[in-house]
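For reference, structure_37.txt (compact mmCIF, C-alpha atoms):
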# COMPACT_ATOMS: atom_id res chain seq x y z
CA MET Y 1149 39.31 22.16 8.29
CA GLU Y 1150 35.78 21.22 9.37
CA LYS Y 1151 35.32 18.15 11.56
CA PHE Y 1152 33.75 15.96 8.86
CA ASP Y 1153 35.54 17.24 5.76
CA ALA Y 1154 37.05 13.78 5.18
CA LEU Y 1155 33.58 12.27 4.91
CA LYS Y 1156 32.41 14.96 2.50
CA LYS Y 1157 35.47 14.43 0.28
CA TYR Y 1158 34.99 10.66 0.31
CA MET Y 1159 31.33 10.99 -0.67
CA ASP Y 1160 32.06 13.44 -3.50
CA LYS Y 1161 34.88 11.32 -4.92
CA THR Y 1162 33.24 7.90 -4.60
CA ILE Y 1163 29.79 8.75 -5.94
CA ALA Y 1164 31.36 10.42 -8.99
CA GLU Y 1165 33.75 7.52 -9.63
CA LEU Y 1166 30.95 4.96 -9.45
CA GLY Y 1167 28.77 6.96 -11.84
CA LEU Y 1168 25.89 7.06 -9.36
CA SER Y 1169 23.28 9.81 -9.38
CA GLY Y 1170 23.39 11.21 -5.87
CA ILE Y 1171 23.11 10.54 -2.15
CA ASP Y 1172 22.15 12.66 0.86
CA CYS Y 1173 23.62 11.75 4.25
CA ILE Y 1174 22.21 13.03 7.56
CA VAL Y 1175 23.67 12.29 11.00
CA TYR Y 1176 22.08 13.15 14.35
CA GLN Y 1177 23.52 12.83 17.82
CA ASP Y 1178 21.45 13.51 20.93
CA HIS Y 1179 18.62 14.99 18.86
CA LYS Y 1180 20.91 17.42 17.04
CA GLN Y 1181 22.10 17.33 13.45
CA ILE Y 1182 25.89 17.05 13.48
CA PHE Y 1183 26.42 16.34 9.78
CA ARG Y 1184 24.63 16.66 6.47
CA HIS Y 1185 26.09 16.49 3.02
CA ALA Y 1186 24.55 15.75 -0.37
CA THR Y 1187 26.57 14.94 -3.44
CA GLY Y 1188 25.73 14.21 -7.06
CA TYR Y 1189 22.40 14.74 -8.75
CA MET Y 1190 18.84 13.95 -7.78
CA ASP Y 1191 17.90 14.36 -11.46
CA MET Y 1192 20.83 13.35 -13.69
CA GLU Y 1193 19.16 14.24 -16.98
CA ASN Y 1194 18.52 17.85 -15.94
CA LYS Y 1195 21.58 18.17 -13.67
CA ILE Y 1196 19.44 19.03 -10.64
CA PRO Y 1197 21.38 18.52 -7.37
CA MET Y 1198 19.99 16.50 -4.46
CA LYS Y 1199 17.31 18.63 -2.82
CA PRO Y 1200 16.25 18.74 0.85
CA LYS Y 1201 12.79 17.36 1.64
CA SER Y 1202 12.70 15.16 -1.46
CA PHE Y 1203 10.71 11.94 -1.30
CA PHE Y 1204 12.26 8.50 -1.85
CA ASN Y 1205 10.85 4.99 -1.86
CA ILE Y 1206 12.63 3.61 1.20
CA TYR Y 1207 11.72 -0.01 0.40
CA SER Y 1208 12.90 -2.41 3.12
CA ALA Y 1209 13.88 0.36 5.53
CA THR Y 1210 10.09 0.27 6.09
CA LYS Y 1211 10.68 -2.96 8.01
CA VAL Y 1212 12.26 -1.13 10.94
CA VAL Y 1213 9.14 1.04 11.29
CA THR Y 1214 6.87 -2.02 11.15
CA CYS Y 1215 8.85 -3.88 13.80
CA VAL Y 1216 8.80 -0.84 16.10
CA ALA Y 1217 5.02 -0.58 15.64
CA ALA Y 1218 4.61 -4.26 16.51
CA LEU Y 1219 6.87 -3.87 19.55
CA GLN Y 1220 4.63 -1.04 20.75
CA LEU Y 1221 1.75 -3.51 20.82
CA TYR Y 1222 3.95 -6.07 22.56
CA GLU Y 1223 4.69 -3.51 25.27
CA LYS Y 1224 0.94 -3.08 25.76
CA GLY Y 1225 0.51 -6.81 26.39
CA CYS Y 1226 -1.31 -7.48 23.12
CA PHE Y 1227 0.70 -10.62 22.28
CA LEU Y 1228 3.65 -12.76 23.33
CA PHE Y 1229 6.46 -13.60 20.95
CA GLU Y 1230 5.97 -17.35 21.20
CA GLN Y 1231 2.23 -17.21 20.58
CA PRO Y 1232 1.08 -19.04 17.42
CA LEU Y 1233 0.33 -16.57 14.64
CA HIS Y 1234 -2.96 -18.31 13.84
CA GLU Y 1235 -4.47 -17.07 17.09
CA PHE Y 1236 -4.64 -13.67 15.38
CA LEU Y 1237 -4.53 -14.60 11.69
CA PRO Y 1238 -6.46 -17.90 11.45
CA GLU Y 1239 -5.49 -18.42 7.80
CA PHE Y 1240 -2.08 -19.55 9.06
CA LYS Y 1241 -3.38 -22.40 11.23
CA ASP Y 1242 -3.00 -25.41 8.94
CA MET Y 1243 0.02 -24.66 6.83
CA GLN Y 1244 1.66 -26.89 4.26
CA VAL Y 1245 5.43 -27.18 3.86
CA LYS Y 1246 7.63 -28.23 0.95
CA SER Y 1247 9.66 -31.39 1.43
CA GLY Y 1248 12.19 -31.83 -1.33
CA THR Y 1249 11.35 -30.87 -4.90
CA PHE Y 1250 7.88 -32.33 -5.37
CA VAL Y 1251 6.44 -33.31 -1.99
CA ILE Y 1252 4.17 -30.97 -0.02
CA LYS Y 1253 3.01 -32.12 3.40
CA PRO Y 1254 1.34 -30.66 6.52
CA ALA Y 1255 3.67 -28.52 8.62
CA GLN Y 1256 4.58 -30.00 11.99
CA LYS Y 1257 5.08 -26.64 13.68
CA HIS Y 1258 3.01 -23.48 13.91
CA ILE Y 1259 4.41 -20.11 12.87
CA ARG Y 1260 5.07 -18.09 16.02
CA ILE Y 1261 4.92 -14.31 16.07
CA VAL Y 1262 8.67 -14.13 16.75
CA ASP Y 1263 9.23 -16.02 13.48
CA LEU Y 1264 7.79 -13.04 11.61
CA PHE Y 1265 10.21 -10.60 13.26
CA THR Y 1266 13.23 -12.83 12.58
CA MET Y 1267 12.34 -14.01 9.05
CA THR Y 1268 12.25 -17.63 10.22
CA ALA Y 1269 8.59 -18.39 9.41
CA GLY Y 1270 9.32 -20.30 6.20
CA LEU Y 1271 7.66 -17.75 3.90
CA SER Y 1272 9.08 -16.68 0.54
CA TYR Y 1273 9.40 -13.38 -1.33
CA GLU Y 1274 7.73 -14.75 -4.45
CA ARG Y 1275 4.87 -12.69 -5.88
CA GLU Y 1276 4.21 -14.76 -8.97
CA THR Y 1277 2.42 -17.55 -7.12
CA PRO Y 1278 -0.96 -19.02 -8.13
CA HIS Y 1279 -2.95 -17.55 -5.23
CA ILE Y 1280 -1.42 -14.07 -5.40
CA ILE Y 1281 -1.91 -13.98 -9.18
CA ALA Y 1282 -5.53 -15.05 -8.70
CA LEU Y 1283 -6.05 -12.37 -6.03
CA ALA Y 1284 -4.70 -9.65 -8.33
CA LYS Y 1285 -7.05 -10.78 -11.08
CA GLU Y 1286 -10.10 -11.05 -8.83
CA THR Y 1287 -9.59 -7.60 -7.28
CA GLU Y 1288 -8.25 -5.87 -10.41
CA ASN Y 1289 -5.06 -5.29 -8.46
CA LYS Y 1290 -6.83 -3.42 -5.66
CA TYR Y 1291 -6.26 -5.83 -2.81
CA THR Y 1292 -5.60 -4.82 0.78
CA THR Y 1293 -2.86 -5.90 3.17
CA ARG Y 1294 -5.19 -8.45 4.79
CA GLN Y 1295 -6.26 -9.89 1.42
CA PHE Y 1296 -2.64 -10.21 0.33
CA VAL Y 1297 -1.69 -12.06 3.51
CA GLN Y 1298 -4.68 -14.41 3.20
CA ALA Y 1299 -3.53 -15.34 -0.31
CA LEU Y 1300 0.06 -15.74 0.92
CA ALA Y 1301 -1.08 -18.22 3.59
CA LYS Y 1302 -2.39 -20.57 0.88
CA GLU Y 1303 1.11 -21.14 -0.47
CA PRO Y 1304 3.32 -23.88 1.06
CA LEU Y 1305 6.14 -22.88 3.38
CA MET Y 1306 9.75 -23.33 2.30
CA PHE Y 1307 10.72 -25.03 5.58
CA GLU Y 1308 9.29 -25.81 9.00
CA PRO Y 1309 8.78 -22.60 10.99
CA GLY Y 1310 11.82 -21.70 13.08
CA GLU Y 1311 14.19 -24.13 11.36
CA SER Y 1312 15.94 -21.71 9.01
CA TYR Y 1313 16.09 -18.09 7.80
CA ASN Y 1314 14.66 -16.72 4.58
CA TYR Y 1315 14.24 -13.06 3.68
CA SER Y 1316 10.57 -12.90 2.80
CA PHE Y 1317 7.10 -11.41 3.22
CA CYS Y 1318 7.31 -11.92 6.99
CA HIS Y 1319 6.98 -8.21 7.71
CA GLU Y 1320 3.98 -7.84 5.39
CA VAL Y 1321 2.35 -10.46 7.62
CA LEU Y 1322 3.54 -8.57 10.69
CA GLY Y 1323 1.80 -5.51 9.24
CA ALA Y 1324 -1.42 -7.49 8.94
CA LEU Y 1325 -1.03 -8.59 12.56
CA ILE Y 1326 -0.76 -4.93 13.59
CA GLU Y 1327 -3.96 -4.20 11.68
CA VAL Y 1328 -5.87 -7.02 13.35
CA ILE Y 1329 -4.72 -6.13 16.88
CA SER Y 1330 -5.14 -2.36 16.50
CA GLY Y 1331 -8.29 -2.35 14.39
CA GLU Y 1332 -6.67 0.23 12.09
CA THR Y 1333 -4.95 0.10 8.73
CA LEU Y 1334 -1.17 -0.06 8.93
CA GLY Y 1335 -0.88 3.48 7.60
CA GLU Y 1336 -3.30 4.82 10.21
CA TYR Y 1337 -1.45 3.03 12.99
CA PHE Y 1338 1.93 4.39 11.85
CA ARG Y 1339 0.56 7.92 11.60
CA LYS Y 1340 -1.06 7.97 15.05
CA ASN Y 1341 1.63 6.12 16.98
CA ILE Y 1342 4.93 6.98 15.27
CA PHE Y 1343 4.73 9.73 12.65
CA GLU Y 1344 2.57 12.32 14.42
CA PRO Y 1345 4.21 11.90 17.85
CA LEU Y 1346 7.68 12.45 16.32
CA GLY Y 1347 6.62 15.32 14.05
CA MET Y 1348 7.17 13.29 10.87
CA GLU Y 1349 5.06 15.18 8.33
CA ASP Y 1350 6.38 13.59 5.12
CA SER Y 1351 5.88 9.83 5.57
CA TYR Y 1352 3.28 7.92 3.55
CA PHE Y 1353 2.25 4.71 1.86
CA GLU Y 1354 0.42 6.81 -0.76
CA LEU Y 1355 2.02 10.15 -1.62
CA PRO Y 1356 -0.51 13.01 -1.64
CA GLU Y 1357 -1.05 14.59 -5.05
CA GLU Y 1358 0.16 17.99 -3.87
CA LYS Y 1359 3.53 16.50 -2.81
CA LYS Y 1360 4.27 14.36 -5.87
CA ASP Y 1361 6.46 17.06 -7.42
CA ARG Y 1362 8.98 16.38 -4.63
CA LEU Y 1363 9.36 12.67 -5.52
CA ALA Y 1364 12.93 12.06 -6.68
CA PRO Y 1365 13.55 10.35 -10.03
CA GLN Y 1366 14.44 6.67 -9.62
CA TYR Y 1367 17.24 4.92 -11.46
CA LEU Y 1368 18.58 1.44 -12.22
CA TYR Y 1369 22.35 1.05 -11.86
CA ASP Y 1370 24.63 -1.08 -14.03
CA LEU Y 1371 27.86 -1.76 -12.11
CA ALA Y 1372 29.74 -3.21 -15.09
CA LYS Y 1373 29.10 -0.10 -17.19
CA LYS Y 1374 28.82 2.34 -14.26
CA THR Y 1375 25.71 3.79 -15.85
CA MET Y 1376 22.29 4.86 -14.60
CA THR Y 1377 19.00 4.28 -16.43
CA LEU Y 1378 15.95 6.34 -15.53
CA ILE Y 1379 12.96 4.19 -14.54
CA SER Y 1380 9.54 4.92 -13.10
CA SER Y 1381 9.55 6.49 -9.64
CA ASP Y 1382 6.73 4.15 -8.63
CA SER Y 1383 7.70 1.72 -5.87
CA LEU Y 1384 8.80 -1.68 -7.18
CA ALA Y 1385 7.60 -3.15 -3.88
CA ARG Y 1386 4.00 -2.13 -4.44
CA SER Y 1387 1.69 -4.61 -6.08
CA GLY Y 1388 -1.96 -4.09 -5.12
CA SER Y 1389 -2.96 -0.42 -5.20
CA HIS Y 1390 -4.48 -0.71 -1.71
CA LEU Y 1391 -1.66 -2.78 -0.21
CA GLU Y 1392 0.19 -1.07 2.64
CA SER Y 1393 3.36 -3.12 2.67
CA GLY Y 1394 5.00 -3.37 6.08
CA GLY Y 1395 8.01 -4.87 4.34
CA GLY Y 1396 8.74 -2.18 1.79
CA GLY Y 1397 5.99 0.30 1.00
CA LEU Y 1398 6.82 3.60 2.69
CA ILE Y 1399 7.74 6.79 0.85
CA MET Y 1400 9.42 9.46 2.95
CA THR Y 1401 12.03 12.17 3.18
CA GLY Y 1402 15.44 11.83 4.81
CA GLU Y 1403 14.40 14.57 7.22
CA ASP Y 1404 11.57 12.34 8.49
CA TYR Y 1405 13.48 9.07 8.71
CA ILE Y 1406 16.30 10.61 10.72
CA LEU Y 1407 13.74 11.76 13.35
CA PHE Y 1408 12.59 8.14 13.66
CA ALA Y 1409 16.16 6.79 13.80
CA ASP Y 1410 17.17 9.50 16.29
CA ALA Y 1411 14.37 8.48 18.66
CA LEU Y 1412 15.53 4.85 18.63
CA ALA Y 1413 19.15 5.93 19.21
CA CYS Y 1414 18.05 8.02 22.21
CA GLY Y 1415 16.17 5.42 24.25
CA GLY Y 1416 12.94 5.58 22.26
CA VAL Y 1417 12.37 9.29 22.90
CA GLY Y 1418 12.26 11.85 20.09
CA TYR Y 1419 13.70 15.36 19.96
CA ASN Y 1420 10.32 16.74 21.12
CA GLY Y 1421 10.06 14.42 24.14
CA ALA Y 1422 7.62 12.01 22.51
CA LYS Y 1423 8.27 8.40 23.50
CA ILE Y 1424 7.61 5.73 20.90
CA LEU Y 1425 9.31 2.71 22.51
CA SER Y 1426 11.03 1.73 25.75
CA LYS Y 1427 14.77 1.19 26.01
CA PRO Y 1428 14.31 -2.50 27.03
CA ALA Y 1429 12.27 -3.07 23.86
CA ILE Y 1430 14.97 -1.40 21.75
CA ASP Y 1431 17.63 -3.57 23.42
CA LEU Y 1432 15.53 -6.64 22.60
CA MET Y 1433 15.21 -5.50 19.01
CA ALA Y 1434 18.96 -4.98 18.69
CA THR Y 1435 19.96 -8.40 20.08
CA GLY Y 1436 20.91 -11.03 17.50
CA ARG Y 1437 18.64 -14.08 17.66
CA LEU Y 1438 19.76 -16.42 14.87
CA THR Y 1439 21.64 -19.64 15.60
CA GLY Y 1440 22.71 -22.75 13.70
CA ARG Y 1441 21.12 -23.16 10.29
CA GLN Y 1442 19.26 -19.86 10.69
CA LEU Y 1443 22.51 -17.93 11.07
CA GLU Y 1444 24.20 -19.86 8.26
CA GLU Y 1445 21.41 -18.93 5.83
CA TYR Y 1446 21.42 -15.29 6.97
CA GLN Y 1447 25.17 -15.02 6.46
CA LYS Y 1448 24.82 -16.31 2.91
CA MET Y 1449 22.78 -13.17 2.23
CA MET Y 1450 24.78 -10.87 4.53
CA PRO Y 1451 28.32 -12.32 4.63
CA ALA Y 1452 29.74 -10.38 7.57
CA LEU Y 1453 31.27 -11.86 10.70
CA GLY Y 1454 30.37 -10.29 14.02
CA ARG Y 1455 26.83 -9.52 12.91
CA ASN Y 1456 23.49 -11.21 13.44
CA TYR Y 1457 19.80 -10.49 12.89
CA GLY Y 1458 17.50 -9.36 15.67
CA LEU Y 1459 13.85 -8.33 15.56
CA GLY Y 1460 13.75 -7.05 12.00
CA VAL Y 1461 17.22 -5.48 11.96
CA ALA Y 1462 20.85 -6.37 11.33
CA THR Y 1463 22.75 -6.23 14.62
CA MET Y 1464 26.38 -5.67 15.56
CA HIS Y 1465 27.70 -7.81 18.42
CA ASP Y 1466 31.43 -8.16 17.65
CA PRO Y 1467 32.99 -5.07 16.00
CA ALA Y 1468 36.45 -6.68 16.03
CA ALA Y 1469 35.20 -9.63 13.95
CA SER Y 1470 33.49 -7.18 11.60
CA PHE Y 1471 36.54 -4.89 11.34
CA SER Y 1472 34.13 -2.06 12.11
CA LEU Y 1473 34.48 1.16 14.09
CA LEU Y 1474 30.80 0.95 15.07
CA PRO Y 1475 30.25 -0.27 18.64
CA ALA Y 1476 28.40 -3.41 19.68
CA GLY Y 1477 24.70 -2.66 20.01
CA CYS Y 1478 24.31 -0.81 16.69
CA PHE Y 1479 21.49 -1.94 14.43
CA GLY Y 1480 19.62 -0.99 11.26
CA TRP Y 1481 18.34 -2.08 7.87
CA GLY Y 1482 18.46 -0.55 4.39
CA GLY Y 1483 16.36 -0.78 1.26
CA LEU Y 1484 16.32 -1.85 -2.38
CA GLY Y 1485 16.70 1.73 -3.61
CA GLY Y 1486 19.94 2.23 -1.70
CA VAL Y 1487 18.75 3.98 1.46
CA GLN Y 1488 20.87 3.08 4.48
CA ASN Y 1489 20.43 3.60 8.20
CA SER Y 1490 22.43 2.88 11.32
CA ILE Y 1491 21.15 3.35 14.86
CA ASP Y 1492 23.71 3.55 17.66
CA PRO Y 1493 22.25 3.64 21.19
CA VAL Y 1494 25.76 3.64 22.72
CA ASN Y 1495 26.67 7.03 21.25
CA ARG Y 1496 23.02 8.13 20.83
CA LEU Y 1497 23.84 8.55 17.16
CA SER Y 1498 21.69 7.96 14.08
CA TYR Y 1499 22.83 7.87 10.46
CA TYR Y 1500 20.68 7.89 7.32
CA VAL Y 1501 21.48 8.00 3.62
CA SER Y 1502 18.79 8.84 1.05
CA GLN Y 1503 19.21 7.40 -2.42
CA HIS Y 1504 16.90 6.33 -5.25
CA THR Y 1505 18.99 3.78 -7.14
CA ILE Y 1506 17.92 0.18 -7.69
CA ALA Y 1507 20.96 -2.13 -7.50
CA SER Y 1508 23.09 0.60 -5.95
CA PRO Y 1509 26.48 -0.87 -4.94
CA VAL Y 1510 26.16 0.30 -1.33
CA TYR Y 1511 28.59 -2.42 -0.25
CA LEU Y 1512 31.32 -0.45 -2.02
CA PHE Y 1513 30.94 2.68 0.11
CA SER Y 1514 28.52 2.38 3.04
CA SER Y 1515 30.91 0.76 5.54
CA GLN Y 1516 33.68 3.16 4.54
CA MET Y 1517 31.41 6.16 5.10
CA ARG Y 1518 30.48 5.02 8.58
CA ASN Y 1519 34.10 4.25 9.50
CA ILE Y 1520 35.14 7.74 8.41
CA LEU Y 1521 32.25 9.22 10.40
CA TYR Y 1522 33.18 7.35 13.58
CA SER Y 1523 36.87 8.18 13.26
CA ASN Y 1524 35.96 11.87 13.36
CA LEU Y 1525 33.38 11.89 16.13
Go through the file and emit its structure as structure tokens.
Amino acid sequence: MEKFDALKKYMDKTIAELGLSGIDCIVYQDHKQIFRHATGYMDMENKIPMKPKSFFNIYSATKVVTCVAALQLYEKGCFLFEQPLHEFLPEFKDMQVKSGTFVIKPAQKHIRIVDLFTMTAGLSYERETPHIIALAKETENKYTTRQFVQALAKEPLMFEPGESYNYSFCHEVLGALIEVISGETLGEYFRKNIFEPLGMEDSYFELPEEKKDRLAPQYLYDLAKKTMTLISSDSLARSGSHLESGGGGLIMTGEDYILFADALACGGVGYNGAKILSKPAIDLMATGRLTGRQLEEYQKMMPALGRNYGLGVATMHDPAASFSLLPAGCFGWGGLGGVQNSIDPVNRLSYYVSQHTIASPVYLFSSQMRNILYSNL
């Protein structure tokens, strides 16, 4: 029997029972692939199995890349976490905040840069707001990251910055901050400072025409019926055609993402010796930061004891409370289409699952898959 046969059998059985299309799981340890198994179909209609080097919209798994990029600039002394955001993005200087149902008043606190990392800035995830709708109309839906963020800043905050947690456009704003500090578009910055150094050749905001035939079909899952409906493979996170969304816009292959995750699991150094981040910065990223009301609101969205939220990632600090076989210090973040990642600096292990299913019930199998993996290491 092979070392990870139990994980393969679990994947085959569970994906079929749930009626999902397919998933592709890759695991690296110390820069080497120790496991890969794909099950189910990439294309259900034509019964085409999951293929290597297929592209998927990774949605919010983009956030981990954005936070690493911002931490690179932090390491270079470009900003401090407690600096007011408006020192770089002046549109955020005089914010308004909602108070109750009808009252809007001037905010008493400034958004700090750390509030973007931790989703505590008071922003929302609402696209259908007056200023964003107006921007789309004025630009014929061709607005840039900076234009989107400028429109976002005109909307009132949901709460005073730092007082609570709300999953939101914080990392789109963080992407705009990267653009302002670096003088490059977000995509250019990612390419020069993360993708090219790590040898990631299949990571984009806009998929090149010659590679579009490798884009996996995308589905919508119905848990009650256990059925899949084919939908457009266009990213649901993309609004303006020129928007490079730091919160959810990347399209990439599993082969590329695992190189990124592997570097973070191995002290910030990739398989080829390229360093993208220091170990102290990774430790900072992986440390839970939410307390009080912030943590209460986060746990409403992610109801799991022993976990917290660090700098753009879910963090594990008490495996016993989480009933998890993963060690303290693990971190990661998934995406709307079902992609999952887990980065373990303790065991220098990285785990990534490709999937292209909106509303995938990952909570029914992702923890089990990782527990089986760890029990067989």
*asked:* What does the structure give for the distance between CA of Leu1334 in chain Y and CA of Val1321 in chain Y, in Å to one decimal?
replied: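 So the two atoms, CA of Leu1334 in chain Y and CA of Val1321 in chain Y, lie 11.1 Å apart.
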*Of the residues Y:Ser1330, Y:Thr1266, Y:Ser1523, Y:Thr1292, which is the one nearest to Gln1220 in chain Y, using only C-alpha atoms?*
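Answer, going by the shortest atom-to-atom distance: Y:Ser1330.
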*Quick one: everything within 10 Å of Asp1431 in chain Y, counting all atoms listed in the file, minus sequence neighbours fewer than 3 positions away in the same chain. Send it as a list in words.*
Leu1412, Gly1415, Ser1426, Lys1427, Pro1428, Ala1434, Thr1435, Gly1458, Leu1459, Gly1477, Cys1478, Phe1479 and Pro1493 of chain Y
Spatial neighbours of Leu1219 in chain Y, max dist 10 Å, all atoms listed in the file, sep filter under 6 positions, as a PDB file with C-alpha atoms, keeping the file's coordinate frame:
ATOM      1  CA  VAL Y1213       9.140   1.040  11.290  1.00  0.00           C
ATOM      2  CA  GLY Y1225       0.510  -6.810  26.390  1.00  0.00           C
ATOM      3  CA  CYS Y1226      -1.310  -7.480  23.120  1.00  0.00           C
ATOM      4  CA  PHE Y1227       0.700 -10.620  22.280  1.00  0.00           C
ATOM      5  CA  PHE Y1229       6.460 -13.600  20.950  1.00  0.00           C
ATOM      6  CA  PHE Y1265      10.210 -10.600  13.260  1.00  0.00           C
ATOM      7  CA  ILE Y1326      -0.760  -4.930  13.590  1.00  0.00           C
ATOM      8  CA  ILE Y1424       7.610   5.730  20.900  1.00  0.00           C
ATOM      9  CA  LEU Y1425       9.310   2.710  22.510  1.00  0.00           C
ATOM     10  CA  SER Y1426      11.030   1.730  25.750  1.00  0.00           C
ATOM     11  CA  ALA Y1429      12.270  -3.070  23.860  1.00  0.00           C
ATOM     12  CA  ILE Y1430      14.970  -1.400  21.750  1.00  0.00           C
ATOM     13  CA  LEU Y1432      15.530  -6.640  22.600  1.00  0.00           C
ATOM     14  CA  MET Y1433      15.210  -5.500  19.010  1.00  0.00           C
ATOM     15  CA  LEU Y1459      13.850  -8.330  15.560  1.00  0.00           C
TER      16      LEU Y1459
END
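Interatomic distance, CA of Tyr1457 in chain Y against CA of Arg1437 in chain Y: 6.1 Å.
Considering the residues Y:Leu1283, Y:Met1190, Y:Leu1305, Y:Lys1224 and counting only C-alpha atoms, Asp1242 in chain Y has its shortest atom-to-atom contact with Y:Leu1305.
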_Could you list, as an MDAnalysis selection string, every residue within 9 Å of Ser1498 in chain Y, counting all atoms listed in the file and ignoring same-chain residues fewer than 5 positions away?_
chainID Y and resid 1174:1178 1406:1407 1409:1414 1489:1493
Mind writing the picked residues with C-alpha atoms as a PDB file, in the frame of the given file?
ATOM      1  CA  ILE Y1174      22.210  13.030   7.560  1.00  0.00           C
ATOM      2  CA  VAL Y1175      23.670  12.290  11.000  1.00  0.00           C
ATOM      3  CA  TYR Y1176      22.080  13.150  14.350  1.00  0.00           C
ATOM      4  CA  GLN Y1177      23.520  12.830  17.820  1.00  0.00           C
ATOM      5  CA  ASP Y1178      21.450  13.510  20.930  1.00  0.00           C
ATOM      6  CA  ILE Y1406      16.300  10.610  10.720  1.00  0.00           C
ATOM      7  CA  LEU Y1407      13.740  11.760  13.350  1.00  0.00           C
ATOM      8  CA  ALA Y1409      16.160   6.790  13.800  1.00  0.00           C
ATOM      9  CA  ASP Y1410      17.170   9.500  16.290  1.00  0.00           C
ATOM     10  CA  ALA Y1411      14.370   8.480  18.660  1.00  0.00           C
ATOM     11  CA  LEU Y1412      15.530   4.850  18.630  1.00  0.00           C
ATOM     12  CA  ALA Y1413      19.150   5.930  19.210  1.00  0.00           C
ATOM     13  CA  CYS Y1414      18.050   8.020  22.210  1.00  0.00           C
ATOM     14  CA  ASN Y1489      20.430   3.600   8.200  1.00  0.00           C
ATOM     15  CA  SER Y1490      22.430   2.880  11.320  1.00  0.00           C
ATOM     16  CA  ILE Y1491      21.150   3.350  14.860  1.00  0.00           C
ATOM     17  CA  ASP Y1492      23.710   3.550  17.660  1.00  0.00           C
ATOM     18  CA  PRO Y1493      22.250   3.640  21.190  1.00  0.00           C
TER      19      PRO Y1493
END
*Counting all atoms listed in the file, the option among Y:Glu1344, Y:Glu1354, Y:Glu1403, Y:Glu1336 closest to Ala1422 in chain Y*: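 Residue with the minimum atom-to-atom distance to Ala1422 in chain Y: Y:Glu1344.
Each of Y:Arg1184, Y:Asn1495, Y:Leu1168, Y:His1279 was checked against Phe1152 in chain Y using only C-alpha atoms; the smallest atom-to-atom distance is that of Y:Arg1184.
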*Any idea what the distance is between CA of Phe1250 in chain Y and CA of Pro1278 in chain Y?*
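CA of Pro1278 in chain Y lies at a distance of 16.2 Å from CA of Phe1250 in chain Y.
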*Choose the residue, out of Y:Ile1329, Y:Leu1155, Y:Val1251, Y:Ile1506, that has the smallest atom-to-atom separation from Ile1379 in chain Y; count all atoms listed in the file.*
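Closest residue, counting all atoms listed in the file: Y:Ile1506.
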_Contacts of Ser1272 in chain Y at 7 Å (only C-alpha atoms; same-chain gap of 2+ positions) as a list in words_ =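 Near neighbours after the sequence-gap exclusion: Gly1270, Glu1274, Met1306, Asn1314, Ser1316 and Phe1317 of chain Y.
Restricting the calculation to all atoms listed in the file, the smallest distance between Thr1439 in chain Y and any of Y:Phe1513, Y:Tyr1313, Y:Glu1193, Y:Val1262 is found for Y:Tyr1313.
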For His1185 in chain Y, find every residue with an atom within 12 Å (counting only C-alpha atoms), except residues of its own chain fewer than 4 positions away, and show them as a PDB file with C-alpha atoms, in the frame of the given file.
ATOM      1  CA  PHE Y1152      33.750  15.960   8.860  1.00  0.00           C
ATOM      2  CA  ASP Y1153      35.540  17.240   5.760  1.00  0.00           C
ATOM      3  CA  ALA Y1154      37.050  13.780   5.180  1.00  0.00           C
ATOM      4  CA  LEU Y1155      33.580  12.270   4.910  1.00  0.00           C
ATOM      5  CA  LYS Y1156      32.410  14.960   2.500  1.00  0.00           C
ATOM      6  CA  LYS Y1157      35.470  14.430   0.280  1.00  0.00           C
ATOM      7  CA  TYR Y1158      34.990  10.660   0.310  1.00  0.00           C
ATOM      8  CA  MET Y1159      31.330  10.990  -0.670  1.00  0.00           C
ATOM      9  CA  ASP Y1160      32.060  13.440  -3.500  1.00  0.00           C
ATOM     10  CA  GLY Y1170      23.390  11.210  -5.870  1.00  0.00           C
ATOM     11  CA  ILE Y1171      23.110  10.540  -2.150  1.00  0.00           C
ATOM     12  CA  ASP Y1172      22.150  12.660   0.860  1.00  0.00           C
ATOM     13  CA  CYS Y1173      23.620  11.750   4.250  1.00  0.00           C
ATOM     14  CA  ILE Y1174      22.210  13.030   7.560  1.00  0.00           C
ATOM     15  CA  VAL Y1175      23.670  12.290  11.000  1.00  0.00           C
ATOM     16  CA  GLN Y1181      22.100  17.330  13.450  1.00  0.00           C
ATOM     17  CA  PRO Y1197      21.380  18.520  -7.370  1.00  0.00           C
ATOM     18  CA  MET Y1198      19.990  16.500  -4.460  1.00  0.00           C
ATOM     19  CA  LYS Y1199      17.310  18.630  -2.820  1.00  0.00           C
ATOM     20  CA  PRO Y1200      16.250  18.740   0.850  1.00  0.00           C
ATOM     21  CA  GLY Y1402      15.440  11.830   4.810  1.00  0.00           C
ATOM     22  CA  TYR Y1499      22.830   7.870  10.460  1.00  0.00           C
ATOM     23  CA  TYR Y1500      20.680   7.890   7.320  1.00  0.00           C
ATOM     24  CA  VAL Y1501      21.480   8.000   3.620  1.00  0.00           C
ATOM     25  CA  SER Y1502      18.790   8.840   1.050  1.00  0.00           C
ATOM     26  CA  MET Y1517      31.410   6.160   5.100  1.00  0.00           C
TER      27      MET Y1517
END
Kindly write range 1503-1512 of chain Y with C-alpha atoms to a file, as a tab-separated table (two decimals), in the first residue's frame.
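Output saved as result16.tsv:
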chain	number	residue	atom	x	y	z
Y	1503	GLN	CA	-11.41	23.35	-7.81
Y	1504	HIS	CA	-13.77	25.45	-9.93
Y	1505	THR	CA	-17.07	25.14	-8.08
Y	1506	ILE	CA	-19.00	28.10	-6.71
Y	1507	ALA	CA	-20.66	27.16	-3.39
Y	1508	SER	CA	-18.54	24.02	-3.09
Y	1509	PRO	CA	-19.18	22.41	0.32
Y	1510	VAL	CA	-15.49	22.40	1.25
Y	1511	TYR	CA	-16.43	22.30	4.94
Y	1512	LEU	CA	-17.63	18.74	4.36
